[in-house]
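So this one's protein.cif, mmCIF, C-alpha atoms and all ligand atoms:
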```
data_protein
#
loop_
_atom_site.label_atom_id
_atom_site.label_comp_id
_atom_site.auth_asym_id
_atom_site.auth_seq_id
_atom_site.Cartn_x
_atom_site.Cartn_y
_atom_site.Cartn_z
CA MET A 528 -19.56 -6.68 -7.50
CA VAL A 529 -15.94 -7.09 -8.58
CA ASN A 530 -13.83 -8.95 -6.08
CA ILE A 531 -10.58 -7.04 -5.94
CA TYR A 532 -8.64 -9.73 -4.14
CA LYS A 533 -9.70 -12.36 -6.66
CA GLU A 534 -8.45 -10.08 -9.42
CA ILE A 535 -5.08 -9.72 -7.67
CA ILE A 536 -4.81 -13.50 -7.40
CA GLN A 537 -5.80 -13.90 -11.03
CA ALA A 538 -3.17 -11.39 -12.11
CA LYS A 539 -0.55 -13.26 -10.07
CA ASN A 540 -1.54 -16.56 -11.67
CA GLU A 541 -1.22 -14.98 -15.10
CA PHE A 542 2.15 -13.34 -14.22
CA LYS A 543 0.67 -9.88 -14.71
CA LYS A 544 2.20 -7.18 -12.56
CA LEU A 545 0.10 -4.57 -10.80
CA LEU A 546 0.78 -0.94 -9.96
CA ALA A 547 -0.92 1.25 -7.38
CA ILE A 548 -0.76 5.02 -7.21
CA LEU A 549 -0.96 6.10 -3.58
CA LEU A 550 -2.85 9.32 -2.96
CA ASP A 551 -2.54 11.01 0.41
CA PRO A 552 -5.75 13.05 0.82
CA ASP A 553 -3.83 15.75 2.73
CA LYS A 554 -1.55 16.33 -0.22
CA ILE A 555 -4.22 16.73 -2.88
CA VAL A 556 -4.14 20.08 -4.64
CA TRP A 557 -7.87 20.35 -5.20
CA ASP A 558 -7.61 23.07 -7.85
CA ASN A 559 -5.44 20.69 -9.85
CA LEU A 560 -7.58 17.58 -9.41
CA GLU A 561 -8.70 17.39 -13.04
CA ASN A 562 -5.09 17.37 -14.18
CA LEU A 563 -4.25 14.69 -11.61
CA ILE A 564 -7.14 12.57 -12.88
CA ALA A 565 -5.98 12.95 -16.47
CA LYS A 566 -2.46 11.88 -15.51
CA ILE A 567 -3.77 8.86 -13.61
CA ASN A 568 -5.81 7.86 -16.64
CA HIS A 569 -2.70 8.05 -18.82
CA SER A 570 -0.60 6.05 -16.38
CA PRO A 571 -0.15 2.27 -16.19
CA ALA A 572 -1.79 2.19 -12.73
CA THR A 573 -4.09 -0.73 -12.03
CA HIS A 574 -5.20 0.41 -8.55
CA ILE A 575 -5.59 3.59 -6.55
CA PHE A 576 -4.58 3.41 -2.90
CA ILE A 577 -5.86 6.17 -0.63
CA GLY A 578 -4.50 6.98 2.81
CA GLY A 579 -1.52 7.98 4.86
CA SER A 580 0.00 7.54 8.29
CA GLN A 581 -1.90 10.54 9.61
CA VAL A 582 -4.54 12.08 7.41
CA LYS A 583 -6.04 15.30 8.77
CA THR A 584 -8.48 16.23 6.04
CA ASN A 585 -12.06 15.07 6.29
CA ARG A 586 -12.41 15.11 2.52
CA ILE A 587 -11.63 11.44 1.84
CA ASP A 588 -15.21 10.66 0.77
CA GLU A 589 -15.24 13.66 -1.53
CA LEU A 590 -11.89 12.72 -3.04
CA ILE A 591 -13.05 9.19 -3.85
CA ILE A 592 -16.36 10.38 -5.28
CA ARG A 593 -14.57 12.87 -7.53
CA LEU A 594 -12.03 10.27 -8.65
CA LYS A 595 -14.69 7.68 -9.36
CA GLU A 596 -16.47 10.01 -11.75
CA LYS A 597 -13.55 9.73 -14.13
CA VAL A 598 -11.11 7.04 -13.04
CA ASN A 599 -12.13 3.47 -13.70
CA LEU A 600 -9.76 1.75 -11.27
CA PRO A 601 -10.40 -0.01 -7.97
CA MET A 602 -10.19 2.44 -5.05
CA VAL A 603 -8.49 0.76 -2.11
CA LEU A 604 -8.15 2.35 1.31
CA PHE A 605 -4.69 2.17 2.81
CA PRO A 606 -5.47 3.63 6.22
CA GLY A 607 -3.17 4.74 9.02
CA ASN A 608 -6.08 4.43 11.46
CA PRO A 609 -9.86 3.83 11.54
CA THR A 610 -10.74 7.50 10.95
CA GLN A 611 -9.71 6.98 7.32
CA ILE A 612 -12.46 4.45 6.55
CA SER A 613 -14.70 5.59 3.70
CA ASN A 614 -17.68 3.71 2.39
CA GLU A 615 -17.08 5.34 -0.99
CA ALA A 616 -14.04 3.12 -1.63
CA ASP A 617 -14.21 -0.40 -3.03
CA ALA A 618 -11.92 -2.18 -0.61
CA ILE A 619 -9.67 -1.68 2.37
CA LEU A 620 -6.28 -3.11 3.14
CA PHE A 621 -6.98 -4.28 6.68
CA LEU A 622 -3.44 -3.82 7.90
CA SER A 623 -1.71 -5.37 10.84
CA LEU A 624 1.80 -4.05 11.43
CA ILE A 625 3.37 -7.45 11.98
CA SER A 626 6.95 -6.19 11.91
CA GLY A 627 6.26 -4.15 15.06
CA ARG A 628 5.30 -4.99 18.60
CA ASN A 629 2.90 -2.12 19.27
CA SER A 630 -0.42 -3.76 20.07
CA ASP A 631 -2.31 -0.67 18.87
CA TYR A 632 -1.21 -1.41 15.31
CA LEU A 633 -1.33 -5.18 15.66
CA ILE A 634 -4.92 -5.48 16.93
CA GLU A 635 -6.30 -2.40 18.75
CA HIS A 636 -7.11 -0.27 15.69
CA GLN A 637 -8.53 -3.36 14.00
CA VAL A 638 -10.89 -4.00 16.96
CA ASN A 639 -12.05 -0.40 16.73
CA ALA A 640 -12.45 -0.63 12.97
CA ALA A 641 -14.39 -3.91 12.82
CA PRO A 642 -17.82 -2.54 13.85
CA ILE A 643 -17.38 0.39 11.48
CA LEU A 644 -16.43 -1.92 8.61
CA LYS A 645 -19.47 -4.11 9.31
CA GLN A 646 -21.61 -1.09 8.42
CA THR A 647 -19.90 -0.64 5.05
CA LYS A 648 -19.85 -2.56 1.80
CA LEU A 649 -16.06 -2.46 1.64
CA GLU A 650 -14.18 -5.58 0.66
CA VAL A 651 -11.85 -6.23 3.58
CA ILE A 652 -8.45 -7.58 2.58
CA SER A 653 -6.36 -8.76 5.50
CA THR A 654 -2.79 -7.56 4.97
CA GLY A 655 0.39 -8.29 6.90
CA TYR A 656 2.22 -4.97 6.87
CA MET A 657 5.97 -5.01 7.38
CA LEU A 658 8.12 -1.94 7.84
CA ILE A 659 11.69 -2.33 6.61
CA GLU A 660 14.51 -0.04 7.68
CA SER A 661 15.25 2.55 5.01
CA GLY A 662 18.00 4.87 6.19
CA THR A 663 16.03 7.51 8.06
CA GLU A 664 13.01 7.53 10.32
CA THR A 665 9.80 7.46 8.27
CA ALA A 666 6.28 8.61 9.16
CA VAL A 667 5.10 5.02 9.68
CA GLU A 668 7.89 4.44 12.19
CA ARG A 669 7.20 7.72 13.99
CA VAL A 670 3.43 7.32 14.12
CA SER A 671 3.35 3.61 14.93
CA LYS A 672 6.22 3.89 17.42
CA THR A 673 7.64 0.63 16.13
CA LYS A 674 11.08 -0.33 14.97
CA PRO A 675 11.45 -1.41 11.35
CA LEU A 676 13.05 -4.73 10.52
CA GLY A 677 16.74 -4.43 9.65
CA ARG A 678 17.65 -4.28 5.96
CA GLU A 679 20.08 -7.13 6.46
CA ASP A 680 17.78 -9.24 8.55
CA PHE A 681 16.39 -11.35 5.72
CA GLN A 682 15.60 -14.37 7.88
CA LEU A 683 13.56 -12.37 10.38
CA ALA A 684 11.73 -10.67 7.52
CA LEU A 685 11.00 -14.04 5.93
CA ALA A 686 9.77 -15.55 9.20
CA THR A 687 7.57 -12.50 9.77
CA ALA A 688 6.03 -12.74 6.29
CA GLN A 689 5.47 -16.47 6.70
CA ALA A 690 3.88 -15.95 10.12
CA GLY A 691 1.58 -13.39 8.50
CA GLU A 692 0.63 -15.89 5.84
CA MET A 693 0.03 -18.61 8.43
CA LEU A 694 -2.16 -16.23 10.44
CA GLY A 695 -4.38 -15.91 7.40
CA ASN A 696 -3.25 -12.62 5.89
CA LYS A 697 -4.19 -12.48 2.22
CA LEU A 698 -1.41 -10.10 1.23
CA ILE A 699 2.02 -9.19 2.54
CA TYR A 700 3.09 -5.54 2.13
CA LEU A 701 6.81 -4.75 2.40
CA GLU A 702 7.04 -1.06 3.23
CA ALA A 703 10.15 1.11 3.31
CA GLY A 704 8.00 4.13 4.23
CA SER A 705 6.68 6.97 2.14
CA GLY A 706 9.51 9.06 0.75
CA ALA A 707 12.05 6.56 2.08
CA LYS A 708 15.68 7.14 1.19
CA ARG A 709 16.16 3.50 0.31
CA ALA A 710 13.57 1.10 -1.02
CA VAL A 711 13.11 -2.45 0.28
CA PRO A 712 16.23 -4.52 -0.63
CA LEU A 713 15.69 -6.58 -3.76
CA GLY A 714 17.19 -9.67 -2.14
CA MET A 715 14.60 -9.46 0.64
CA ILE A 716 11.77 -9.14 -1.88
CA GLU A 717 13.13 -12.14 -3.74
CA LEU A 718 13.51 -14.34 -0.67
CA ILE A 719 10.02 -13.57 0.60
CA ALA A 720 8.35 -13.84 -2.82
CA GLN A 721 9.86 -17.27 -3.30
CA ASN A 722 8.73 -18.52 0.06
CA ILE A 723 5.14 -17.35 0.43
CA LYS A 724 2.16 -18.15 -1.75
CA ILE A 725 0.08 -15.02 -1.21
CA PRO A 726 0.65 -11.88 -3.31
CA LEU A 727 3.42 -9.50 -2.31
CA ILE A 728 3.08 -5.71 -2.33
CA VAL A 729 6.20 -3.54 -2.23
CA GLY A 730 6.35 0.21 -1.69
CA GLY A 731 8.28 3.12 -0.28
CA GLY A 732 11.16 5.03 -1.82
CA ILE A 733 10.69 3.78 -5.37
CA VAL A 734 11.53 6.75 -7.53
CA ASP A 735 12.10 5.57 -11.07
CA LEU A 736 10.68 3.20 -13.61
CA HIS A 737 13.73 0.93 -13.52
CA ASP A 738 13.26 0.42 -9.80
CA ILE A 739 9.64 -0.57 -10.39
CA GLN A 740 10.82 -3.17 -12.89
CA LYS A 741 13.52 -4.40 -10.52
CA ALA A 742 10.95 -4.88 -7.77
CA TYR A 743 8.76 -6.86 -10.21
CA ASP A 744 11.71 -8.93 -11.32
CA ALA A 745 12.54 -9.70 -7.69
CA GLY A 746 9.01 -11.02 -7.20
CA ALA A 747 6.75 -8.11 -6.21
CA ASP A 748 3.23 -8.64 -7.52
CA LEU A 749 2.12 -5.07 -6.92
CA VAL A 750 4.30 -1.97 -6.58
CA VAL A 751 3.07 1.19 -4.85
CA ILE A 752 4.16 4.63 -6.05
CA GLY A 753 3.32 7.65 -3.91
CA THR A 754 5.86 10.44 -3.57
CA ALA A 755 7.41 10.15 -7.03
CA PHE A 756 4.03 10.63 -8.74
CA GLU A 757 2.97 13.25 -6.21
CA ASN A 758 6.06 15.31 -7.05
CA ASP A 759 5.85 14.77 -10.77
CA HIS A 760 2.59 13.81 -12.43
CA ASP A 761 4.58 12.99 -15.59
CA PHE A 762 6.57 10.37 -13.72
CA PHE A 763 5.19 7.50 -15.77
CA ASN A 764 5.95 9.19 -19.10
CA LYS A 765 9.68 9.20 -18.47
C1 LIG B 1 3.99 4.36 1.16
O1 LIG B 1 4.65 2.50 -0.04
C2 LIG B 1 4.05 3.72 -0.15
O2 LIG B 1 3.20 3.63 2.01
C3 LIG B 1 4.62 4.63 -1.18
O3 LIG B 1 5.83 5.19 -0.79
O4 LIG B 1 5.63 7.63 -1.25
O5 LIG B 1 7.88 6.54 -1.20
O6 LIG B 1 6.31 6.10 -3.08
P1 LIG B 1 6.46 6.42 -1.65
#
```
Do you think you could lay out the structure here as structure tokens?
Ligand code: 1GP
Amino acid sequence: MVNIYKEIIQAKNEFKKLLAILLDPDKIVWDNLENLIAKINHSPATHIFIGGSQVKTNRIDELIIRLKEKVNLPMVLFPGNPTQISNEADAILFLSLISGRNSDYLIEHQVNAAPILKQTKLEVISTGYMLIESGTETAVERVSKTKPLGREDFQLALATAQAGEMLGNKLIYLEAGSGAKRAVPLGMIELIAQNIKIPLIVGGGIVDLHDIQKAYDAGADLVVIGTAFENDHDFFNK
């Protein structure tokens, strides 16, 4: 079986940048799924992330099965809580919201998820998840009831990322929040990228191709695009 984390590390070592399209199962227009699949296959995406802060649909399995018929990319769960675990995916970002101090999102959901994950074949990728202030309240902030780290607070963000790395996280994810007004500051990406060894994911509020490139240039190894592609399936052709 392909080891998705090893591939991420290999890409990092070879200076190849990665791109994930985030699909929120609640926002899928099922009648348009074939078109969505075609657009994904014509995009530069290297990964599909699936999840959301609060997913209500129980069609996650079905979505992944349908995608896998035609999309040859790793399917990685990006869950808001343990109800979003699907054995149909290839891997799961096992997130701990290390920027917050809500124990539910630091360890409680993970304790509940562990026995479920033991019954699956999912590759579990421990991820330090950090919410960065983005101008307005985002769904992650609302649902997790945690405060994001300040946009100016580079040193606290760096210490948080380094603590995540020291705790054994395999990835750090800097998150401005889906649909965020402002993406993660480039200077913060740069500082953290230069001072951790594990791969860095950046997402939230990235709405054009230049911003993707800027995030890469600042040191992001993988950029996540959700809303911009959701709103415009031709986003990558522009
Ligand atoms: C959200 O980082 C992702 O978790 C993507 O955010 O929807 O703003 O692209 P956007």
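Around ligand LIG 1 (chain B), the neighbouring residues within 7 Å, taking only C-alpha atoms and all ligand atoms, come to A:Leu549, A:Glu702, A:Ala703, A:Gly704, A:Ser705, A:Gly706, A:Ala707, A:Val729, A:Gly730, A:Gly731, A:Gly732, A:Ile733, A:Val734, A:Val751, A:Ile752, A:Gly753, A:Thr754, A:Ala755.
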Hey, what's within 12 Å of Gln637 (chain A) if we count all atoms listed in the file and toss same-chain stuff fewer than 5 positions away? As a short mmCIF file (atom, residue, chain, number, x, y, z; two decimals) with C-alpha atoms, keeping the file's coordinate frame, please?
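Output (around_24.cif):
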```cif
data_model
loop_
_atom_site.label_atom_id
_atom_site.label_comp_id
_atom_site.auth_asym_id
_atom_site.auth_seq_id
_atom_site.Cartn_x
_atom_site.Cartn_y
_atom_site.Cartn_z
CA PRO A 606 -5.47 3.63 6.22
CA GLY A 607 -3.17 4.74 9.02
CA ASN A 608 -6.08 4.43 11.46
CA PRO A 609 -9.86 3.83 11.54
CA THR A 610 -10.74 7.50 10.95
CA ILE A 612 -12.46 4.45 6.55
CA ILE A 619 -9.67 -1.68 2.37
CA LEU A 620 -6.28 -3.11 3.14
CA PHE A 621 -6.98 -4.28 6.68
CA LEU A 622 -3.44 -3.82 7.90
CA SER A 623 -1.71 -5.37 10.84
CA LEU A 624 1.80 -4.05 11.43
CA SER A 630 -0.42 -3.76 20.07
CA ASP A 631 -2.31 -0.67 18.87
CA TYR A 632 -1.21 -1.41 15.31
CA PRO A 642 -17.82 -2.54 13.85
CA ILE A 643 -17.38 0.39 11.48
CA LEU A 644 -16.43 -1.92 8.61
CA LYS A 645 -19.47 -4.11 9.31
CA VAL A 651 -11.85 -6.23 3.58
CA SER A 653 -6.36 -8.76 5.50
CA THR A 654 -2.79 -7.56 4.97
#
```
> Pick the closest to Glu596 (chain A) from A:Leu560, A:Val582, A:Leu676, A:Met657: which is it, counting all atoms listed in the file?
Replying inline: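 Using all atoms listed in the file, Glu596 (chain A) sits closest to A:Leu560.
Each of A:His569, A:Lys533, A:Lys765, A:Lys544 was compared to Ala745 (chain A) using all atoms listed in the file, and A:Lys544 turns out to be the nearest.
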> Using only C-alpha atoms, which residue out of A:Ser671, A:Asn758, A:Gln682, A:Asn764 lies closest to Val556 (chain A)?
Replying inline: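 Of A:Ser671, A:Asn758, A:Gln682, A:Asn764, the one nearest Val556 (chain A) is A:Asn758, counting only C-alpha atoms.
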>> Can you measure CA of Ile555 (chain A) to CA of Lys708 (chain A) for me? One decimal in Å is fine.
In response: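 We find that CA of Ile555 (chain A) and CA of Lys708 (chain A) lie 22.5 Å from each other.
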> Of the candidates A:Glu668, A:Ser580, A:Pro726, A:Ala547, which shows the shortest atom-to-atom distance to Ala688 (chain A), using all atoms listed in the file?
Replying inline: A:Pro726
>> Restricting the calculation to all atoms listed in the file: of A:Asn530, A:Asn696, A:Gln721, A:Ser661, which residue gets closest to Asp744 (chain A)?
In response: A:Gln721
>> Applying 8 Å and only C-alpha atoms, which residues near Lys674 (chain A) remain after dropping the ones on its own chain fewer than 4 positions away? List them as number ranges by chain.
In response: A: 626-627, 658, 668
> Taking all atoms listed in the file into account, which of A:Val711, A:Glu650, A:Lys583, A:Glu692 comes nearest Gly677 (chain A)?
Replying inline: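 Under the stated criterion, the closest residue is A:Val711.
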> Could you pull the residues within 12 Å of Asp553 (chain A), counting only C-alpha atoms, minus those fewer than 3 positions along the same chain, as JSON, numbers by chain?
Replying inline: {"A": [549, 550, 556, 557, 577, 578, 579, 580, 581, 582, 583, 584, 585, 586, 587, 590, 611, 757]}
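The spacing separating CA of Ile659 (chain A) from CA of Gly746 (chain A) amounts to 16.5 Å.
The gap separating CA of Val638 (chain A) from CA of Lys672 (chain A) is 18.8 Å, in Å to one decimal.
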Name all residues at most 10 Å from Val529 (chain A) (count all atoms listed in the file; drop same-chain ones fewer than 5 positions away) and give them as a compact mmCIF listing (two decimals) with C-alpha atoms, in the coordinates of the input.
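Saved as selection.txt:
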```
# COMPACT_ATOMS: atom_id res chain seq x y z
CA GLU A 534 -8.45 -10.08 -9.42
CA PRO A 601 -10.40 -0.01 -7.97
CA ASP A 617 -14.21 -0.40 -3.03
CA GLU A 650 -14.18 -5.58 0.66
```
> Mind listing as a list in words all residues within 12 Å of (6.2, -20.0, 4.9), counting all atoms listed in the file?
Replying inline: Gln682, Leu683, Ala684, Leu685, Ala686, Thr687, Ala688, Gln689, Ala690, Gly691, Glu692, Met693, Leu694, Gly695, Ile699, Leu718, Ile719, Ala720, Gln721, Asn722, Ile723, Lys724 and Ile725 of chain A
